[in-house]
>>> print(open('protein-v1.cif').read())   # mmCIF, C-alpha atoms and all ligand atoms
data_structure
loop_
_atom_site.label_atom_id
_atom_site.label_comp_id
_atom_site.auth_asym_id
_atom_site.auth_seq_id
_atom_site.Cartn_x
_atom_site.Cartn_y
_atom_site.Cartn_z
CA MET A 1 -21.93 23.70 18.68
CA PHE A 2 -22.19 27.50 18.56
CA PRO A 3 -23.62 29.33 15.55
CA CYS A 4 -21.06 30.81 13.20
CA ALA A 5 -20.74 34.50 14.04
CA LEU A 6 -20.18 35.51 10.42
CA ASN A 7 -22.57 33.46 8.39
CA GLY A 8 -24.99 32.60 11.18
CA ALA A 9 -24.95 28.91 10.37
CA ALA A 10 -26.41 26.79 13.11
CA ARG A 11 -23.32 24.70 13.13
CA CYS A 12 -19.64 25.38 12.61
CA TRP A 13 -18.05 23.01 10.12
CA MET A 14 -14.51 23.51 11.29
CA LYS A 15 -13.04 20.37 12.81
CA ARG A 16 -12.02 21.96 16.09
CA CYS A 17 -14.42 24.77 16.66
CA THR A 18 -13.62 27.24 19.41
CA PRO A 19 -16.96 28.31 20.88
CA GLY A 20 -17.76 31.93 20.16
CA ARG A 21 -15.08 32.29 17.50
CA ALA A 22 -16.16 33.74 14.20
CA PHE A 23 -16.20 31.45 11.18
CA SER A 24 -17.04 32.18 7.60
CA THR A 25 -15.51 29.00 6.23
CA PRO A 26 -17.95 27.15 4.00
CA ARG A 27 -18.63 23.57 4.90
CA PRO A 28 -15.94 21.34 3.37
CA ARG A 29 -16.97 18.25 1.49
CA LEU A 30 -16.49 15.06 3.47
CA VAL A 31 -15.93 11.51 2.24
CA LEU A 32 -16.21 8.31 4.24
CA GLY A 33 -13.64 5.76 3.00
CA ILE A 34 -14.00 2.02 3.63
CA GLU A 35 -11.28 -0.61 3.08
CA THR A 36 -11.71 -4.39 3.34
CA SER A 37 -9.74 -5.77 0.38
CA CYS A 38 -7.39 -7.98 2.37
CA ASP A 39 -6.83 -8.28 6.13
CA GLU A 40 -7.48 -4.77 7.47
CA THR A 41 -10.94 -3.38 8.15
CA GLY A 42 -10.46 0.36 7.83
CA ALA A 43 -12.69 3.42 7.77
CA ALA A 44 -11.98 7.16 7.79
CA VAL A 45 -13.73 10.48 7.27
CA LEU A 46 -11.65 12.99 5.33
CA ASP A 47 -12.34 16.46 4.04
CA GLU A 48 -11.22 17.76 0.66
CA THR A 49 -8.10 19.44 2.07
CA GLY A 50 -6.88 16.07 3.37
CA VAL A 51 -7.73 16.68 7.03
CA ILE A 52 -8.62 13.41 8.73
CA TRP A 53 -11.72 14.02 10.85
CA GLY A 54 -11.94 10.52 12.24
CA GLU A 55 -10.53 7.08 11.52
CA SER A 56 -10.57 3.53 12.78
CA LEU A 57 -8.64 0.40 11.81
CA HIS A 58 -9.02 -3.21 12.83
CA SER A 59 -6.08 -5.39 11.85
CA GLN A 60 -6.47 -9.15 11.45
CA LYS A 61 -2.69 -9.59 11.39
CA LYS A 62 -2.42 -11.50 14.69
CA THR A 63 -5.05 -14.09 13.68
CA HIS A 64 -3.43 -14.71 10.30
CA LEU A 65 0.05 -14.88 11.83
CA ASP A 66 -1.15 -17.57 14.24
CA ALA A 67 -2.84 -19.47 11.41
CA GLY A 68 0.30 -19.31 9.25
CA GLY A 69 -1.32 -17.29 6.46
CA ILE A 70 -4.52 -15.57 5.39
CA ILE A 71 -7.49 -17.94 5.18
CA PRO A 72 -10.07 -16.06 3.06
CA THR A 73 -13.10 -17.37 4.99
CA VAL A 74 -11.51 -16.26 8.27
CA ALA A 75 -10.69 -12.83 6.82
CA GLN A 76 -14.30 -12.55 5.63
CA ARG A 77 -15.69 -13.47 9.06
CA LEU A 78 -13.45 -10.93 10.79
CA HIS A 79 -14.44 -8.18 8.34
CA ARG A 80 -18.10 -9.05 8.91
CA GLU A 81 -17.67 -8.96 12.69
CA ASN A 82 -15.86 -5.62 12.70
CA ILE A 83 -17.06 -3.46 9.85
CA SER A 84 -20.05 -1.79 11.57
CA ARG A 85 -18.02 -0.95 14.65
CA VAL A 86 -15.05 0.36 12.63
CA VAL A 87 -17.24 2.62 10.46
CA GLN A 88 -19.22 3.84 13.49
CA GLU A 89 -15.96 4.58 15.33
CA ALA A 90 -14.63 6.63 12.41
CA LEU A 91 -17.92 8.58 12.27
CA ASP A 92 -18.05 9.10 16.06
CA ARG A 93 -14.46 10.33 16.15
CA SER A 94 -15.17 12.73 13.30
CA GLY A 95 -18.21 14.09 15.15
CA ILE A 96 -20.41 14.05 12.08
CA GLU A 97 -23.61 12.29 11.10
CA PRO A 98 -23.94 10.14 7.96
CA SER A 99 -26.31 12.78 6.55
CA GLU A 100 -23.40 15.26 6.54
CA LEU A 101 -21.22 13.12 4.26
CA THR A 102 -20.81 14.14 0.64
CA ALA A 103 -20.07 10.59 -0.55
CA VAL A 104 -18.86 7.13 0.45
CA ALA A 105 -15.78 5.59 -1.22
CA THR A 106 -15.04 1.87 -0.89
CA THR A 107 -12.40 -0.50 -2.26
CA VAL A 108 -14.08 -2.76 -4.83
CA LYS A 109 -10.94 -4.10 -6.62
CA PRO A 110 -8.52 -5.89 -6.60
CA GLY A 111 -8.38 -8.10 -3.51
CA LEU A 112 -9.77 -11.20 -1.84
CA ALA A 113 -13.29 -11.79 -3.19
CA LEU A 114 -14.76 -12.68 0.20
CA SER A 115 -13.18 -9.63 1.87
CA LEU A 116 -14.16 -7.18 -0.89
CA GLY A 117 -17.72 -8.50 -0.71
CA ILE A 118 -18.14 -7.52 2.94
CA GLY A 119 -17.00 -3.93 2.37
CA LEU A 120 -19.12 -3.55 -0.74
CA ASP A 121 -22.30 -5.05 0.81
CA PHE A 122 -21.95 -2.86 3.87
CA SER A 123 -21.32 0.24 1.75
CA MET A 124 -24.24 -0.34 -0.59
CA LYS A 125 -26.62 -0.71 2.37
CA PHE A 126 -25.12 2.42 3.93
CA VAL A 127 -25.39 4.61 0.81
CA ARG A 128 -28.93 3.42 0.11
CA LEU A 129 -30.01 4.09 3.66
CA HIS A 130 -28.47 7.57 3.71
CA ARG A 131 -29.00 8.34 -0.01
CA LYS A 132 -25.36 9.18 -0.68
CA PRO A 133 -23.29 8.96 -3.87
CA PHE A 134 -20.95 5.96 -4.05
CA ILE A 135 -17.36 6.02 -5.36
CA PRO A 136 -15.88 2.58 -6.16
CA ILE A 137 -12.12 2.53 -5.51
CA HIS A 138 -9.20 0.61 -7.07
CA HIS A 139 -6.97 -0.38 -4.15
CA MET A 140 -3.70 0.17 -6.05
CA GLU A 141 -4.85 3.55 -7.37
CA ALA A 142 -5.47 4.50 -3.74
CA HIS A 143 -1.94 3.40 -2.71
CA ALA A 144 -0.54 5.47 -5.61
CA LEU A 145 -2.46 8.64 -4.77
CA THR A 146 -2.07 8.67 -0.95
CA VAL A 147 1.10 10.72 -1.28
CA ARG A 148 -0.89 13.67 -2.72
CA MET A 149 -2.78 13.97 0.56
CA LEU A 150 0.54 14.82 2.21
CA HIS A 151 2.64 16.52 -0.49
CA PRO A 152 1.74 18.63 -3.51
CA VAL A 153 2.87 16.10 -6.15
CA ASP A 154 1.78 16.91 -9.69
CA PHE A 155 1.18 14.39 -12.45
CA PRO A 156 2.97 12.73 -14.11
CA PHE A 157 5.08 10.83 -11.58
CA LEU A 158 6.58 7.37 -11.43
CA VAL A 159 5.16 5.04 -8.79
CA LEU A 160 6.47 1.81 -7.30
CA LEU A 161 3.76 -0.09 -5.42
CA VAL A 162 4.93 -2.97 -3.29
CA SER A 163 2.52 -4.73 -0.97
CA GLY A 164 1.48 -8.18 0.20
CA GLY A 165 -0.42 -8.83 -3.02
CA HIS A 166 1.26 -6.59 -5.60
CA SER A 167 4.59 -5.41 -6.96
CA LEU A 168 4.32 -2.98 -9.84
CA LEU A 169 5.85 0.04 -11.49
CA ALA A 170 3.60 2.54 -13.23
CA LEU A 171 3.57 6.04 -14.58
CA ALA A 172 0.76 8.00 -12.91
CA LYS A 173 -0.54 10.48 -15.52
CA GLY A 174 -3.73 11.44 -13.73
CA ILE A 175 -5.89 10.25 -10.87
CA ASP A 176 -7.31 7.43 -13.01
CA GLU A 177 -4.72 7.27 -15.76
CA PHE A 178 -1.76 4.92 -15.38
CA LEU A 179 0.75 3.29 -17.72
CA LEU A 180 1.80 -0.08 -16.35
CA LEU A 181 5.57 -0.47 -16.88
CA GLY A 182 6.18 -3.69 -14.98
CA GLN A 183 4.62 -6.09 -12.50
CA THR A 184 5.42 -9.33 -10.77
CA VAL A 185 5.32 -12.42 -12.95
CA ASP A 186 4.78 -14.70 -9.96
CA VAL A 187 4.36 -13.58 -6.34
CA ALA A 188 4.52 -10.19 -4.65
CA ALA A 189 7.43 -8.85 -2.61
CA GLY A 190 5.43 -8.68 0.65
CA ASP A 191 4.05 -12.18 0.23
CA THR A 192 7.61 -13.45 -0.28
CA LEU A 193 8.89 -11.75 2.87
CA ASP A 194 5.88 -13.12 4.79
CA LYS A 195 6.62 -16.66 3.61
CA ILE A 196 10.35 -16.41 4.36
CA ALA A 197 9.49 -15.12 7.85
CA ARG A 198 7.10 -18.00 8.36
CA ARG A 199 9.64 -20.56 7.15
CA LEU A 200 12.12 -19.07 9.67
CA SER A 201 9.41 -19.36 12.41
CA LEU A 202 9.96 -15.71 13.24
CA LYS A 203 6.68 -15.51 15.14
CA ASN A 204 8.48 -17.59 17.79
CA HIS A 205 11.15 -14.89 18.07
CA PRO A 206 10.46 -12.81 21.21
CA GLU A 207 10.78 -9.50 19.35
CA CYS A 208 8.73 -10.55 16.32
CA SER A 209 5.64 -12.31 17.68
CA THR A 210 3.24 -9.50 16.69
CA LEU A 211 5.00 -8.28 13.56
CA SER A 212 4.10 -8.96 9.94
CA GLY A 213 6.68 -11.03 8.05
CA GLY A 214 8.13 -7.96 6.36
CA GLN A 215 8.39 -6.04 9.63
CA ALA A 216 10.06 -9.01 11.35
CA ILE A 217 12.61 -9.37 8.54
CA GLU A 218 13.39 -5.65 8.67
CA LEU A 219 13.89 -5.72 12.44
CA LEU A 220 16.16 -8.79 12.48
CA ALA A 221 18.09 -7.72 9.39
CA LYS A 222 19.34 -4.67 11.29
CA GLU A 223 21.67 -6.92 13.26
CA GLY A 224 22.36 -9.43 10.51
CA ASP A 225 25.24 -9.80 8.07
CA ARG A 226 23.77 -9.73 4.57
CA LEU A 227 27.03 -11.08 3.13
CA ALA A 228 26.80 -14.29 5.17
CA PHE A 229 24.44 -15.64 2.48
CA HIS A 230 24.43 -14.96 -1.22
CA PHE A 231 21.08 -15.06 -2.98
CA LYS A 232 21.10 -14.45 -6.70
CA SER A 233 19.28 -11.31 -7.82
CA PRO A 234 16.24 -12.33 -9.92
CA MET A 235 15.83 -11.70 -13.66
CA GLY A 236 19.36 -10.42 -14.24
CA GLN A 237 19.21 -11.30 -17.95
CA LEU A 238 15.76 -9.83 -18.59
CA TYR A 239 15.94 -6.15 -19.49
CA ASP A 240 12.37 -5.22 -18.54
CA CYS A 241 10.71 -3.80 -15.42
CA ASN A 242 8.88 -6.92 -14.28
CA PHE A 243 9.54 -8.52 -10.92
CA SER A 244 9.95 -12.10 -9.80
CA PHE A 245 10.30 -13.32 -6.23
CA ALA A 246 9.50 -17.05 -6.42
CA GLY A 247 13.11 -17.97 -7.25
CA LEU A 248 14.42 -16.00 -4.29
CA ARG A 249 12.02 -17.80 -2.00
CA ASN A 250 13.33 -21.16 -3.29
CA GLN A 251 16.94 -20.11 -2.75
CA VAL A 252 16.18 -18.97 0.79
CA THR A 253 14.23 -22.16 1.56
CA MET A 254 17.15 -24.28 0.36
CA ALA A 255 19.61 -22.33 2.50
CA ILE A 256 17.32 -22.74 5.52
CA ASN A 257 16.95 -26.50 4.90
CA LYS A 258 20.73 -26.85 4.76
CA LYS A 259 21.30 -24.83 7.93
CA GLU A 260 18.58 -26.73 9.78
CA ARG A 261 20.29 -30.01 8.94
CA GLU A 262 23.66 -28.62 10.04
CA GLU A 263 22.31 -27.23 13.30
CA GLY A 264 19.92 -30.10 14.00
CA VAL A 265 17.10 -27.58 14.42
CA GLU A 266 13.50 -28.89 14.69
CA LYS A 267 10.45 -27.36 13.01
CA GLY A 268 9.39 -24.19 14.81
CA GLN A 269 12.79 -23.61 16.42
CA LEU A 270 14.94 -20.65 15.46
CA LEU A 271 18.17 -21.02 13.52
CA SER A 272 21.24 -19.27 14.95
CA CYS A 273 21.62 -17.37 11.66
CA VAL A 274 18.06 -15.98 11.29
CA LYS A 275 19.35 -12.41 11.34
CA ASP A 276 21.85 -13.08 8.54
CA ILE A 277 19.19 -14.80 6.41
CA ALA A 278 16.81 -11.89 7.06
CA ALA A 279 19.51 -9.37 6.05
CA ALA A 280 20.49 -11.24 2.88
CA SER A 281 16.84 -11.77 1.83
CA GLN A 282 15.95 -8.14 2.47
CA HIS A 283 18.98 -6.98 0.49
CA THR A 284 18.10 -9.17 -2.49
CA VAL A 285 14.50 -7.91 -2.49
CA ALA A 286 15.69 -4.31 -2.18
CA SER A 287 18.27 -4.55 -4.94
CA HIS A 288 15.85 -6.33 -7.30
CA MET A 289 13.33 -3.53 -6.76
CA ALA A 290 16.01 -0.89 -7.16
CA LYS A 291 17.24 -2.32 -10.47
CA ARG A 292 13.76 -2.59 -11.99
CA THR A 293 12.97 0.93 -10.78
CA HIS A 294 16.25 2.23 -12.21
CA ARG A 295 15.28 0.81 -15.61
CA ALA A 296 11.77 2.29 -15.34
CA ILE A 297 13.28 5.72 -14.68
CA LEU A 298 15.59 5.43 -17.69
CA PHE A 299 12.68 4.22 -19.85
CA CYS A 300 10.46 7.13 -18.78
CA LYS A 301 13.28 9.59 -19.38
CA SER A 302 13.96 8.18 -22.85
CA LYS A 303 10.28 8.63 -23.71
CA GLY A 304 10.04 12.10 -22.19
CA PHE A 305 7.36 10.82 -19.78
CA LEU A 306 8.68 12.64 -16.71
CA PRO A 307 8.64 16.42 -16.20
CA GLN A 308 11.92 18.36 -16.39
CA HIS A 309 11.13 20.08 -13.14
CA ASN A 310 11.11 17.92 -10.02
CA PRO A 311 10.62 14.45 -11.55
CA THR A 312 9.38 12.23 -8.74
CA LEU A 313 9.35 8.58 -7.71
CA VAL A 314 6.58 7.71 -5.25
CA VAL A 315 6.92 4.44 -3.33
CA SER A 316 3.95 3.04 -1.44
CA GLY A 317 2.26 -0.17 -0.26
CA GLY A 318 3.11 -2.10 2.92
CA VAL A 319 6.64 -3.07 1.84
CA ALA A 320 7.44 0.60 1.24
CA SER A 321 7.49 1.02 5.04
CA ASN A 322 10.86 -0.74 4.95
CA GLU A 323 13.64 1.73 5.69
CA TYR A 324 16.37 -0.39 4.06
CA ILE A 325 14.34 -0.63 0.85
CA ARG A 326 13.72 3.14 0.93
CA GLN A 327 17.43 3.82 1.32
CA THR A 328 18.29 1.49 -1.56
CA LEU A 329 15.77 3.28 -3.78
CA LYS A 330 17.24 6.61 -2.68
CA ILE A 331 20.58 5.57 -4.20
CA VAL A 332 18.75 5.11 -7.51
CA THR A 333 16.83 8.38 -7.34
CA ASP A 334 19.97 10.31 -6.33
CA ALA A 335 21.85 8.83 -9.28
CA THR A 336 19.09 9.69 -11.75
CA GLY A 337 18.06 13.09 -10.41
CA LEU A 338 14.61 12.09 -9.17
CA HIS A 339 12.92 13.19 -5.99
CA LEU A 340 11.90 10.23 -3.78
CA LEU A 341 8.65 10.42 -1.83
CA CYS A 342 7.29 7.72 0.48
CA PRO A 343 4.23 8.27 2.67
CA PRO A 344 4.83 7.54 6.36
CA SER A 345 4.47 3.85 7.30
CA LYS A 346 0.96 4.32 8.67
CA PHE A 347 -0.26 5.41 5.23
CA CYS A 348 1.78 2.83 3.27
CA THR A 349 -0.06 -0.12 4.78
CA ASP A 350 -3.78 -0.60 4.18
CA ASN A 351 -6.14 1.84 5.89
CA GLY A 352 -9.42 3.69 5.39
CA VAL A 353 -7.72 7.08 4.99
CA MET A 354 -6.16 6.26 1.63
CA ILE A 355 -9.54 5.09 0.30
CA ALA A 356 -11.28 8.24 1.52
CA TRP A 357 -8.54 10.36 -0.07
CA ASN A 358 -8.98 8.55 -3.39
CA GLY A 359 -12.70 9.36 -3.05
CA ILE A 360 -11.84 13.03 -2.49
CA GLU A 361 -9.59 13.07 -5.57
CA ARG A 362 -12.40 11.58 -7.66
CA LEU A 363 -15.00 13.88 -6.15
CA LYS A 364 -12.91 16.95 -6.99
CA GLN A 365 -12.63 15.86 -10.63
CA GLY A 366 -16.15 14.45 -10.86
CA LYS A 367 -14.84 11.04 -11.94
CA GLY A 368 -16.43 7.67 -11.18
CA ILE A 369 -19.18 8.94 -8.88
CA MET A 370 -22.23 6.70 -8.87
CA SER A 371 -25.76 7.03 -7.61
CA TYR A 372 -26.79 4.90 -4.63
CA THR A 373 -29.37 3.28 -6.90
CA GLU A 374 -26.74 1.78 -9.23
CA GLU A 375 -25.42 -1.78 -8.99
CA VAL A 376 -21.70 -2.20 -8.32
CA ASN A 377 -19.72 -5.45 -8.40
CA TYR A 378 -16.37 -6.24 -6.84
CA GLU A 379 -13.45 -7.50 -8.97
CA PRO A 380 -10.81 -9.71 -7.28
CA LYS A 381 -8.45 -9.19 -10.22
CA ALA A 382 -8.07 -5.75 -11.77
CA PRO A 383 -5.00 -4.46 -13.64
CA LEU A 384 -3.87 -0.91 -13.02
CA GLY A 385 -3.96 1.26 -16.14
CA LEU A 386 -2.74 0.60 -19.67
CA ASP A 387 -0.23 -2.27 -19.87
CA ILE A 388 2.89 -1.18 -21.80
CA THR A 389 5.21 -3.79 -20.26
CA SER A 390 6.02 -5.26 -23.68
CA GLU A 391 7.13 -1.82 -24.93
CA VAL A 392 9.43 -1.57 -21.92
CA LYS A 393 10.77 -5.03 -22.66
CA ASP A 394 11.40 -4.16 -26.32
CA ALA A 395 13.39 -1.11 -25.26
CA ALA A 396 15.76 -3.58 -23.47
CA ILE A 397 17.54 -0.86 -21.50
CA LYS A 398 20.84 -1.97 -19.96
CA LEU A 399 21.59 -0.43 -16.60
CA PRO A 400 24.77 1.53 -15.95
CA PRO A 401 26.71 0.22 -12.93
CA LEU A 402 25.40 1.48 -9.60
CA LYS A 403 26.56 0.34 -6.17
CA LEU A 404 23.53 -0.48 -4.02
CA ARG A 405 25.36 -0.46 -0.74
CA ILE A 406 23.69 0.71 2.45
CA ASN A 407 25.70 1.53 5.54
CA SER A 408 23.82 -0.03 8.42
O1 LIG B 501 -0.25 -2.75 1.58
P1 LIG B 501 -0.41 -3.79 2.64
O2 LIG B 501 -0.77 -3.33 4.03
O3 LIG B 501 -1.49 -4.85 2.26
C1 LIG B 501 -1.67 -5.31 0.95
O4 LIG B 501 -2.35 -4.62 0.16
O5 LIG B 501 -1.07 -6.37 0.67
O6 LIG B 501 0.95 -4.62 2.67
C2 LIG B 501 1.16 -5.70 3.56
C3 LIG B 501 2.52 -6.29 3.26
C4 LIG B 501 2.83 -7.56 4.06
O7 LIG B 501 3.33 -8.54 3.16
C5 LIG B 501 3.90 -7.13 5.03
O8 LIG B 501 4.80 -8.16 5.37
C6 LIG B 501 4.59 -6.02 4.25
O9 LIG B 501 3.55 -5.34 3.60
N1 LIG B 501 5.29 -5.10 5.15
C7 LIG B 501 6.63 -4.91 5.12
C8 LIG B 501 6.92 -4.00 6.17
N2 LIG B 501 5.74 -3.65 6.77
C9 LIG B 501 4.76 -4.34 6.13
N3 LIG B 501 7.58 -5.43 4.34
C10 LIG B 501 8.85 -5.06 4.57
N4 LIG B 501 9.22 -4.19 5.56
C11 LIG B 501 8.29 -3.64 6.38
N5 LIG B 501 8.65 -2.80 7.33
ZN ZN B 502 -2.52 -2.56 0.03
#
>>> encode(input="protein-v1.cif", output="structure tokens")
Amino acid sequence: MFPCALNGAARCWMKRCTPGRAFSTPRPRLVLGIETSCDETGAAVLDETGVIWGESLHSQKKTHLDAGGIIPTVAQRLHRENISRVVQEALDRSGIEPSELTAVATTVKPGLALSLGIGLDFSMKFVRLHRKPFIPIHHMEAHALTVRMLHPVDFPFLVLLVSGGHSLLALAKGIDEFLLLGQTVDVAAGDTLDKIARRLSLKNHPECSTLSGGQAIELLAKEGDRLAFHFKSPMGQLYDCNFSFAGLRNQVTMAINKKEREEGVEKGQLLSCVKDIAAASQHTVASHMAKRTHRAILFCKSKGFLPQHNPTLVVSGGVASNEYIRQTLKIVTDATGLHLLCPPSKFCTDNGVMIAWNGIERLKQGKGIMSYTEEVNYEPKAPLGLDITSEVKDAAIKLPPLKLRINS
């Protein structure tokens, strides 16, 4: 590194320093983010403007696909085996030393206990060794805020978070202030798609062997006829913003059982109509989400919760990578005058960048920053914000008709 020609600093803090060029830029604050709440070991170094200095991600997807689901002890072992390397890779790629970090941010809730434990243990040792502040992160808060790293979105905004473990609608009022409008009463959208994909043996499909269940369903649905099967949209008579996917999974399983009998298909073999089942399942998930989101928008409008200027719906979490679901939600936001924002796929699924960004947001506001001497525990279950789902239910808002039809 060359000394800065303007301030004489021994080292230039700009990410891509051109030797000999003059710099007067003060050193930006840098946060190392660490994610291990489920099946991705992620780490990233970010500065306060949202520039990613270095990142690394190890996905356990292939192992869990082969095993037919996430086995917590296996996830824990894989996190343990990979975390040092992943963090070191993120640091090496960023070209900075641990001593140059401003703080370390790590997911501590919610998630799989055994997975969270590995990230937290590693982080506590790291911050104690390097005497750095520690910022504990709520995984869903991180999904909700990622968008602000990429777009200037002001609070308040409505957020739909749909992942393997969660499905929820919330009003984001501040970086750590959320009103929970609705959540799943049984299983999450991503988990349901994963289980449907598994029941259809999609990992035996040549184009789907390395894809998550949701990705496989999206890919096959592109060539499927969603009208070939009719699955009832969940919770039609409940005028709240909660979600339910267990009933859909039952309906799909029953349809698969019937088709397997008709076609004489053995376990592990592919049905001739997998694409149609994928398309119909994806459509039912998308329209269920769209209807609950539509009601959440009307509820927020009736309460004056959303700004007049540029009211926004943010959609994030792994399932938000789905283009069909995004397009269905766009019909709702177009009809209600909201602006729809979804981070690119890479930032919708779990990664270290979103955790580091949440750390930056907290650092900037001085919220939730702990000393390396303090004890921190992980929390497998942790609600997001203040639960006002019963208020939403009491409002019992009926939806005006809206055609959720996507031209494929
Ligand atoms: O946010 P995420 O990476 O991890 C959790 O926090 O759960 O989400 C993973 C979930 C999986 O269930 C996966 O099947 C789903 O997101 N997913 C998708 C797509 N890509 C990932 N679901 C539908 N369409 C996709 N393209
Ligand atoms: Zn997630």
>>> residues_near_ligand(input="protein-v1.cif", ligand="ligand LIG 501 (chain B)", cutoff="9 Å", atoms="only C-alpha atoms and all ligand atoms", output="short mmCIF file (atom, residue, chain, number, x, y, z; two decimals) with C-alpha atoms, keeping the file's coordinate frame")
data_model
loop_
_atom_site.label_atom_id
_atom_site.label_comp_id
_atom_site.auth_asym_id
_atom_site.auth_seq_id
_atom_site.Cartn_x
_atom_site.Cartn_y
_atom_site.Cartn_z
CA SER A 37 -9.74 -5.77 0.38
CA CYS A 38 -7.39 -7.98 2.37
CA ASP A 39 -6.83 -8.28 6.13
CA GLU A 40 -7.48 -4.77 7.47
CA GLY A 111 -8.38 -8.10 -3.51
CA HIS A 139 -6.97 -0.38 -4.15
CA MET A 140 -3.70 0.17 -6.05
CA HIS A 143 -1.94 3.40 -2.71
CA LEU A 161 3.76 -0.09 -5.42
CA VAL A 162 4.93 -2.97 -3.29
CA SER A 163 2.52 -4.73 -0.97
CA GLY A 164 1.48 -8.18 0.20
CA GLY A 165 -0.42 -8.83 -3.02
CA HIS A 166 1.26 -6.59 -5.60
CA ALA A 188 4.52 -10.19 -4.65
CA ALA A 189 7.43 -8.85 -2.61
CA GLY A 190 5.43 -8.68 0.65
CA ASP A 191 4.05 -12.18 0.23
CA THR A 192 7.61 -13.45 -0.28
CA LEU A 193 8.89 -11.75 2.87
CA ASP A 194 5.88 -13.12 4.79
CA LYS A 195 6.62 -16.66 3.61
CA ALA A 197 9.49 -15.12 7.85
CA LEU A 211 5.00 -8.28 13.56
CA SER A 212 4.10 -8.96 9.94
CA GLY A 213 6.68 -11.03 8.05
CA GLY A 214 8.13 -7.96 6.36
CA GLN A 215 8.39 -6.04 9.63
CA ALA A 216 10.06 -9.01 11.35
CA ILE A 217 12.61 -9.37 8.54
CA GLU A 218 13.39 -5.65 8.67
CA LEU A 219 13.89 -5.72 12.44
CA GLN A 282 15.95 -8.14 2.47
CA SER A 316 3.95 3.04 -1.44
CA GLY A 317 2.26 -0.17 -0.26
CA GLY A 318 3.11 -2.10 2.92
CA VAL A 319 6.64 -3.07 1.84
CA ALA A 320 7.44 0.60 1.24
CA SER A 321 7.49 1.02 5.04
CA ASN A 322 10.86 -0.74 4.95
CA GLU A 323 13.64 1.73 5.69
CA TYR A 324 16.37 -0.39 4.06
CA ILE A 325 14.34 -0.63 0.85
CA SER A 345 4.47 3.85 7.30
CA PHE A 347 -0.26 5.41 5.23
CA CYS A 348 1.78 2.83 3.27
CA THR A 349 -0.06 -0.12 4.78
CA ASP A 350 -3.78 -0.60 4.18
CA ASN A 351 -6.14 1.84 5.89
#
>>> residues_around(input="protein-v1.cif", residues="stretch 113-118 of chain A", least_positions_apart="6", cutoff="6 Å", atoms="only C-alpha atoms", output="JSON, numbers by chain")
{"A": [36, 37, 76, 380]}
>>> closest_atom_pairs(input="protein-v1.cif", of="stretch 110-184 of chain A", to="stretch 291-302 of chain A", cutoff="9 Å", atoms="all atoms listed in the file", output="JSON lines")
{"residue": "A:Leu158", "atom": "CA", "partner": "A:Ile297", "partner_atom": "CA", "distance": 7.6}
{"residue": "A:Leu160", "atom": "CA", "partner": "A:Thr293", "partner_atom": "CA", "distance": 7.4}
{"residue": "A:Leu169", "atom": "CA", "partner": "A:Thr293", "partner_atom": "CA", "distance": 7.2}
{"residue": "A:Ala170", "atom": "CA", "partner": "A:Ala296", "partner_atom": "CA", "distance": 8.4}
{"residue": "A:Leu171", "atom": "CA", "partner": "A:Cys300", "partner_atom": "CA", "distance": 8.1}
{"residue": "A:Leu181", "atom": "CA", "partner": "A:Ala296", "partner_atom": "CA", "distance": 7.0}
{"residue": "A:Gly182", "atom": "CA", "partner": "A:Ala296", "partner_atom": "CA", "distance": 8.2}
>>> closest_residue(input="protein-v1.cif", among="A:Ala290, A:Leu179, A:Ala67, A:Leu404", to="A:Arg198", atoms="all atoms listed in the file")
A:Ala67
>>> residues_around(input="protein-v1.cif", residues="stretch 95-99 of chain A", least_positions_apart="6", cutoff="9 Å", atoms="all atoms listed in the file", output="list in words")
Lys15, Leu32, Val45, Trp53, Gly54, Phe126, His130, Arg131 and Lys132 of chain A
>>> atom_distance(input="protein-v1.cif", atom1="atom CA of A:Ala356", atom2="atom CA of A:Arg77")
23.4 Å
>>> residues_around(input="protein-v1.cif", residues="A:Lys222", least_positions_apart="6", cutoff="10 Å", atoms="only C-alpha atoms", output="ChimeraX atom specification")
/A:275-276,278-279,324,408
>>> atom_distance(input="protein-v1.cif", atom1="atom CA of A:Glu35", atom2="atom CA of A:Ile355")
6.6 Å
>>> axis_aligned_box(input="protein-v1.cif", around="stretch 314-317 of chain A", padding_each_side="6 Å", output="JSON")
{"center_x": 4.6, "center_y": 3.8, "center_z": -2.8, "size_x": 16.7, "size_y": 19.9, "size_z": 17.0}
>>> closest_residue(input="protein-v1.cif", among="A:Ala396, A:Leu91, A:Ala144, A:Leu270", to="ligand ZN 502 (chain B)", atoms="only C-alpha atoms and all ligand atoms")
A:Ala144
>>> atom_distance(input="protein-v1.cif", atom1="atom CA of A:Ile135", atom2="atom CA of A:Thr373")
12.4 Å
>>> closest_residue(input="protein-v1.cif", among="A:Ser167, A:Ser233, A:Thr328, A:Ser371", to="ligand ZN 502 (chain B)", atoms="only C-alpha atoms and all ligand atoms")
A:Ser167
>>> closest_residue(input="protein-v1.cif", among="A:Pro156, A:Gly42, A:Gly359, A:Pro26", to="A:Pro307", atoms="all atoms listed in the file")
A:Pro156
>>> closest_residue(input="protein-v1.cif", among="A:Thr102, A:Ser123, A:Thr73, A:Thr146", to="ligand ZN 502 (chain B)", atoms="all atoms listed in the file")
A:Thr146
>>> closest_residue(input="protein-v1.cif", among="A:Arg226, A:Lys303, A:His64, A:Lys346", to="ligand ZN 502 (chain B)", atoms="only C-alpha atoms and all ligand atoms")
A:Lys346
>>> residues_around(input="protein-v1.cif", residues="A:Leu248", least_positions_apart="4", cutoff="8 Å", atoms="all atoms listed in the file", output="short mmCIF file (atom, residue, chain, number, x, y, z; two decimals) with C-alpha atoms, in the frame of the given file")
data_model
loop_
_atom_site.label_atom_id
_atom_site.label_comp_id
_atom_site.auth_asym_id
_atom_site.auth_seq_id
_atom_site.Cartn_x
_atom_site.Cartn_y
_atom_site.Cartn_z
CA PHE A 231 21.08 -15.06 -2.98
CA LYS A 232 21.10 -14.45 -6.70
CA SER A 233 19.28 -11.31 -7.82
CA PRO A 234 16.24 -12.33 -9.92
CA VAL A 252 16.18 -18.97 0.79
CA SER A 281 16.84 -11.77 1.83
CA THR A 284 18.10 -9.17 -2.49
#
